[in-house]
Each structure stands twice: as structure tokens, then as C-alpha cells.
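Below is the file upload.cif, which contains mmCIF, N, CA, C and O atoms.
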```
data_query
#
loop_
_atom_site.label_atom_id
_atom_site.label_comp_id
_atom_site.auth_asym_id
_atom_site.auth_seq_id
_atom_site.Cartn_x
_atom_site.Cartn_y
_atom_site.Cartn_z
N MET A 1 4.87 4.76 7.06
CA MET A 1 4.89 3.39 6.61
C MET A 1 4.40 2.52 7.76
O MET A 1 4.73 2.78 8.91
N ALA A 2 3.62 1.51 7.42
CA ALA A 2 3.08 0.63 8.45
C ALA A 2 2.97 -0.79 7.90
O ALA A 2 2.76 -0.99 6.71
N ASP A 3 3.15 -1.76 8.79
CA ASP A 3 2.94 -3.16 8.44
C ASP A 3 1.53 -3.50 8.88
O ASP A 3 1.17 -3.37 10.05
N TRP A 4 0.67 -3.88 7.93
CA TRP A 4 -0.72 -4.13 8.24
C TRP A 4 -1.15 -5.44 7.60
O TRP A 4 -1.19 -5.56 6.38
N SER A 5 -1.44 -6.41 8.43
CA SER A 5 -1.98 -7.68 7.97
C SER A 5 -1.13 -8.33 6.88
O SER A 5 -1.63 -8.81 5.88
N GLY A 6 0.19 -8.29 7.08
CA GLY A 6 1.10 -8.91 6.13
C GLY A 6 1.43 -8.06 4.92
O GLY A 6 2.11 -8.51 4.02
N LEU A 7 0.95 -6.82 4.89
CA LEU A 7 1.25 -5.90 3.80
C LEU A 7 1.97 -4.67 4.35
O LEU A 7 1.79 -4.31 5.51
N ILE A 8 2.74 -4.01 3.52
CA ILE A 8 3.41 -2.78 3.91
C ILE A 8 2.66 -1.63 3.24
O ILE A 8 2.57 -1.58 2.02
N LEU A 9 2.12 -0.72 4.05
CA LEU A 9 1.40 0.44 3.55
C LEU A 9 2.27 1.67 3.70
O LEU A 9 2.85 1.89 4.76
N GLU A 10 2.38 2.46 2.65
CA GLU A 10 3.18 3.68 2.66
C GLU A 10 2.36 4.82 2.09
O GLU A 10 1.79 4.71 1.01
N VAL A 11 2.28 5.91 2.84
CA VAL A 11 1.61 7.12 2.36
C VAL A 11 2.62 8.25 2.52
O VAL A 11 3.18 8.45 3.60
N SER A 12 2.87 8.97 1.44
CA SER A 12 3.87 10.03 1.46
C SER A 12 3.50 11.11 0.44
O SER A 12 2.47 11.02 -0.22
N PHE A 13 4.35 12.10 0.34
CA PHE A 13 4.20 13.14 -0.67
C PHE A 13 5.28 12.94 -1.73
O PHE A 13 6.46 12.85 -1.41
N ASP A 14 4.89 12.86 -2.97
CA ASP A 14 5.82 12.78 -4.09
C ASP A 14 5.61 14.04 -4.93
O ASP A 14 4.57 14.20 -5.57
N GLN A 15 6.57 14.96 -4.87
CA GLN A 15 6.48 16.25 -5.55
C GLN A 15 5.21 16.99 -5.15
O GLN A 15 4.44 17.47 -5.99
N SER A 16 4.94 17.01 -3.85
CA SER A 16 3.80 17.69 -3.22
C SER A 16 2.45 17.04 -3.52
O SER A 16 1.41 17.63 -3.26
N VAL A 17 2.44 15.82 -4.05
CA VAL A 17 1.20 15.10 -4.34
C VAL A 17 1.08 13.93 -3.36
O VAL A 17 1.99 13.10 -3.27
N PRO A 18 -0.02 13.84 -2.58
CA PRO A 18 -0.21 12.70 -1.69
C PRO A 18 -0.24 11.39 -2.49
O PRO A 18 -1.02 11.24 -3.43
N THR A 19 0.64 10.48 -2.13
CA THR A 19 0.82 9.23 -2.87
C THR A 19 0.77 8.05 -1.90
O THR A 19 1.27 8.15 -0.78
N TRP A 20 0.17 6.95 -2.34
CA TRP A 20 0.12 5.76 -1.50
C TRP A 20 0.64 4.56 -2.28
O TRP A 20 0.54 4.50 -3.50
N LYS A 21 1.24 3.60 -1.53
CA LYS A 21 1.76 2.37 -2.12
C LYS A 21 1.49 1.23 -1.15
O LYS A 21 1.53 1.41 0.06
N ILE A 22 1.22 0.06 -1.71
CA ILE A 22 1.05 -1.15 -0.92
C ILE A 22 2.02 -2.19 -1.46
O ILE A 22 2.06 -2.43 -2.67
N ARG A 23 2.79 -2.77 -0.57
CA ARG A 23 3.78 -3.78 -0.97
C ARG A 23 3.57 -5.04 -0.16
O ARG A 23 3.11 -5.00 0.97
N ARG A 24 3.93 -6.18 -0.75
CA ARG A 24 3.84 -7.47 -0.08
C ARG A 24 5.26 -8.00 0.13
O ARG A 24 5.99 -8.18 -0.84
N PRO A 25 5.67 -8.25 1.39
CA PRO A 25 7.01 -8.79 1.65
C PRO A 25 7.19 -10.16 0.99
O PRO A 25 6.26 -10.95 0.93
N GLN A 26 8.40 -10.42 0.50
CA GLN A 26 8.68 -11.69 -0.18
C GLN A 26 9.68 -12.55 0.57
O GLN A 26 10.08 -13.58 0.07
N GLY A 27 10.12 -12.14 1.72
CA GLY A 27 11.08 -12.93 2.49
C GLY A 27 12.16 -12.02 3.06
O GLY A 27 12.20 -10.82 2.78
N LYS A 28 13.05 -12.63 3.81
CA LYS A 28 14.04 -11.86 4.55
C LYS A 28 14.97 -11.05 3.64
O LYS A 28 15.24 -9.89 3.91
N ASN A 29 15.47 -11.62 2.58
CA ASN A 29 16.45 -10.94 1.73
C ASN A 29 15.89 -10.46 0.40
O ASN A 29 16.64 -9.96 -0.44
N ALA A 30 14.60 -10.58 0.19
CA ALA A 30 14.00 -10.17 -1.08
C ALA A 30 13.29 -8.83 -0.91
O ALA A 30 12.74 -8.53 0.15
N LEU A 31 13.29 -8.04 -1.96
CA LEU A 31 12.56 -6.78 -1.93
C LEU A 31 11.06 -7.05 -2.01
O LEU A 31 10.63 -7.97 -2.72
N PRO A 32 10.25 -6.27 -1.31
CA PRO A 32 8.80 -6.46 -1.41
C PRO A 32 8.29 -6.09 -2.80
O PRO A 32 8.83 -5.20 -3.45
N ILE A 33 7.24 -6.79 -3.23
CA ILE A 33 6.66 -6.50 -4.54
C ILE A 33 5.56 -5.45 -4.38
O ILE A 33 4.86 -5.41 -3.37
N LEU A 34 5.42 -4.61 -5.37
CA LEU A 34 4.39 -3.58 -5.37
C LEU A 34 3.05 -4.22 -5.74
O LEU A 34 2.93 -4.85 -6.78
N VAL A 35 2.07 -4.08 -4.86
CA VAL A 35 0.74 -4.64 -5.09
C VAL A 35 -0.15 -3.60 -5.77
O VAL A 35 -0.86 -3.90 -6.73
N ALA A 36 -0.10 -2.35 -5.27
CA ALA A 36 -0.93 -1.28 -5.82
C ALA A 36 -0.34 0.06 -5.41
O ALA A 36 0.39 0.15 -4.41
N SER A 37 -0.67 1.10 -6.17
CA SER A 37 -0.24 2.45 -5.81
C SER A 37 -1.18 3.46 -6.47
O SER A 37 -1.93 3.12 -7.37
N GLY A 38 -1.12 4.68 -5.97
CA GLY A 38 -1.96 5.71 -6.54
C GLY A 38 -1.72 7.06 -5.90
O GLY A 38 -0.86 7.20 -5.04
N THR A 39 -2.49 8.04 -6.32
CA THR A 39 -2.41 9.38 -5.76
C THR A 39 -3.80 9.79 -5.29
O THR A 39 -4.80 9.17 -5.65
N ALA A 40 -3.84 10.87 -4.51
CA ALA A 40 -5.12 11.36 -3.97
C ALA A 40 -5.07 12.88 -3.86
O ALA A 40 -4.01 13.48 -4.04
N ASP A 41 -6.21 13.46 -3.52
CA ASP A 41 -6.31 14.91 -3.38
C ASP A 41 -5.74 15.41 -2.06
O ASP A 41 -5.34 16.56 -1.95
N SER A 42 -5.73 14.55 -1.02
CA SER A 42 -5.23 14.95 0.29
C SER A 42 -4.52 13.77 0.94
O SER A 42 -4.66 12.62 0.51
N PHE A 43 -3.76 14.08 2.00
CA PHE A 43 -3.07 13.03 2.73
C PHE A 43 -4.07 12.06 3.35
O PHE A 43 -3.88 10.84 3.30
N ALA A 44 -5.14 12.58 3.91
CA ALA A 44 -6.17 11.74 4.53
C ALA A 44 -6.82 10.82 3.49
O ALA A 44 -7.08 9.64 3.77
N ALA A 45 -7.07 11.34 2.31
CA ALA A 45 -7.66 10.52 1.24
C ALA A 45 -6.68 9.44 0.78
O ALA A 45 -7.08 8.31 0.47
N ALA A 46 -5.38 9.75 0.77
CA ALA A 46 -4.37 8.76 0.40
C ALA A 46 -4.32 7.64 1.43
O ALA A 46 -4.22 6.46 1.07
N LYS A 47 -4.41 7.99 2.72
CA LYS A 47 -4.44 6.96 3.77
C LYS A 47 -5.66 6.07 3.62
O LYS A 47 -5.57 4.85 3.71
N ALA A 48 -6.82 6.68 3.37
CA ALA A 48 -8.05 5.91 3.22
C ALA A 48 -7.97 4.99 2.01
O ALA A 48 -8.40 3.83 2.07
N ALA A 49 -7.42 5.48 0.91
CA ALA A 49 -7.29 4.66 -0.30
C ALA A 49 -6.34 3.49 -0.06
O ALA A 49 -6.61 2.36 -0.50
N ALA A 50 -5.25 3.74 0.63
CA ALA A 50 -4.29 2.66 0.93
C ALA A 50 -4.94 1.60 1.80
O ALA A 50 -4.80 0.39 1.54
N LEU A 51 -5.67 2.01 2.83
CA LEU A 51 -6.33 1.03 3.71
C LEU A 51 -7.41 0.25 2.97
O LEU A 51 -7.51 -0.97 3.13
N HIS A 52 -8.20 0.93 2.16
CA HIS A 52 -9.25 0.26 1.41
C HIS A 52 -8.66 -0.76 0.43
O HIS A 52 -9.12 -1.90 0.35
N THR A 53 -7.64 -0.36 -0.29
CA THR A 53 -7.01 -1.25 -1.27
C THR A 53 -6.30 -2.40 -0.59
O THR A 53 -6.34 -3.53 -1.08
N ALA A 54 -5.67 -2.14 0.54
CA ALA A 54 -4.99 -3.21 1.28
C ALA A 54 -5.99 -4.24 1.78
O ALA A 54 -5.73 -5.44 1.75
N GLU A 55 -7.13 -3.78 2.26
CA GLU A 55 -8.17 -4.70 2.72
C GLU A 55 -8.65 -5.57 1.57
O GLU A 55 -8.83 -6.78 1.71
N THR A 56 -8.83 -4.99 0.40
CA THR A 56 -9.24 -5.75 -0.78
C THR A 56 -8.16 -6.75 -1.18
O THR A 56 -8.46 -7.91 -1.48
N ALA A 57 -6.90 -6.33 -1.18
CA ALA A 57 -5.79 -7.22 -1.54
C ALA A 57 -5.64 -8.34 -0.52
O ALA A 57 -5.31 -9.47 -0.88
N ARG A 58 -5.89 -8.03 0.75
CA ARG A 58 -5.78 -9.06 1.79
C ARG A 58 -6.86 -10.13 1.62
O ARG A 58 -6.62 -11.30 1.87
N ARG A 59 -8.04 -9.72 1.18
CA ARG A 59 -9.14 -10.69 1.00
C ARG A 59 -8.96 -11.57 -0.21
O ARG A 59 -9.49 -12.67 -0.26
N SER A 60 -8.24 -11.10 -1.22
CA SER A 60 -8.05 -11.89 -2.44
C SER A 60 -6.57 -11.96 -2.83
O SER A 60 -6.18 -11.41 -3.86
N PRO A 61 -5.74 -12.62 -2.02
CA PRO A 61 -4.29 -12.66 -2.31
C PRO A 61 -3.94 -13.44 -3.57
O PRO A 61 -2.89 -13.26 -4.14
N SER A 62 -4.82 -14.31 -4.06
CA SER A 62 -4.51 -15.10 -5.25
C SER A 62 -4.48 -14.26 -6.52
O SER A 62 -3.91 -14.65 -7.52
N GLU A 63 -5.08 -13.06 -6.48
CA GLU A 63 -5.12 -12.19 -7.66
C GLU A 63 -3.91 -11.31 -7.78
O GLU A 63 -3.74 -10.62 -8.76
N THR A 64 -3.03 -11.27 -6.77
CA THR A 64 -1.85 -10.41 -6.83
C THR A 64 -0.64 -11.18 -7.23
O THR A 64 -0.59 -12.37 -7.23
#
```
Please express the file's structure as C-alpha cells.
Amino acid sequence: MADWSGLILEVSFDQSVPTWKIRRPQGKNALPILVASGTADSFAAAKAAALHTAETARRSPSET
């Protein structure tokens, strides 16, 4: 898990499947909202997908 440009990026294995999630923090006592998530063929591909999607979400925050 990493904090990147105001977003929380998480890459993990869910039942042996590389999975990625991007969340946006909502404040000190609020749970972060899920911006995007998905699966990939490999851990490296999941990291790349999370970074690519986070960059897109960071450029257009009004759409989330």
C-alpha cells in the first residue's frame, strides 16, 4: 500500500489473483472511497495498472 499524490494505492493477492485498488482519503475519521479496482495477470501488471489508473484519476478528480 502506498500514498501517491493524494490517493491510496493497494496491490495485493486476493485468492491468488493479483488485485489492485485505488482509494481517495475523505478526512481524518472517514473511510476512504474506492475510486477504481481490478485484477491482472501478474503482480507487476497489477502495479502498472494501479499507477496508470491513479495518474488518470489524479488528472481528472471531478469525474470521481
Can you turn the PyMOL selection byres ((chain A and resi 36) around 6) into a concrete residue list for this file, as number ranges by chain?
A: 20-23, 34-35, 37-38
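What separates atom N of Thr56 of chain A from atom N of Thr39 of chain A is a distance of 16.0 Å.
Comparing A:Ser42, A:Ile8, A:Arg59, A:His52 by their smallest distance to Pro25 of chain A, the closest is A:Ile8 (using all atoms listed in the file).
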Run DSSP on the backbone of this structure and report the residues of chain A it assigns to strand (DSSP E), as a ChimeraX atom specification.
/A:2-4,7-14,17-24,33-39
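Interatomic distance, atom C of Pro18 of chain A to atom O of Thr53 of chain A: 16.2 Å.
Atom CA of Leu7 of chain A is found 10.2 Å from atom C of Glu55 of chain A.
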List every residue of chain A that DSSP, applied to the backbone of this structure, places in helix (DSSP H, G or I), and write the result as a list of chain:residue names.
A:Phe43, A:Ala44, A:Ala45, A:Ala46, A:Lys47, A:Ala48, A:Ala49, A:Ala50, A:Leu51, A:His52, A:Thr53, A:Ala54, A:Glu55, A:Thr56, A:Ala57, A:Arg58, A:Arg59, A:Pro61, A:Ser62, A:Glu63
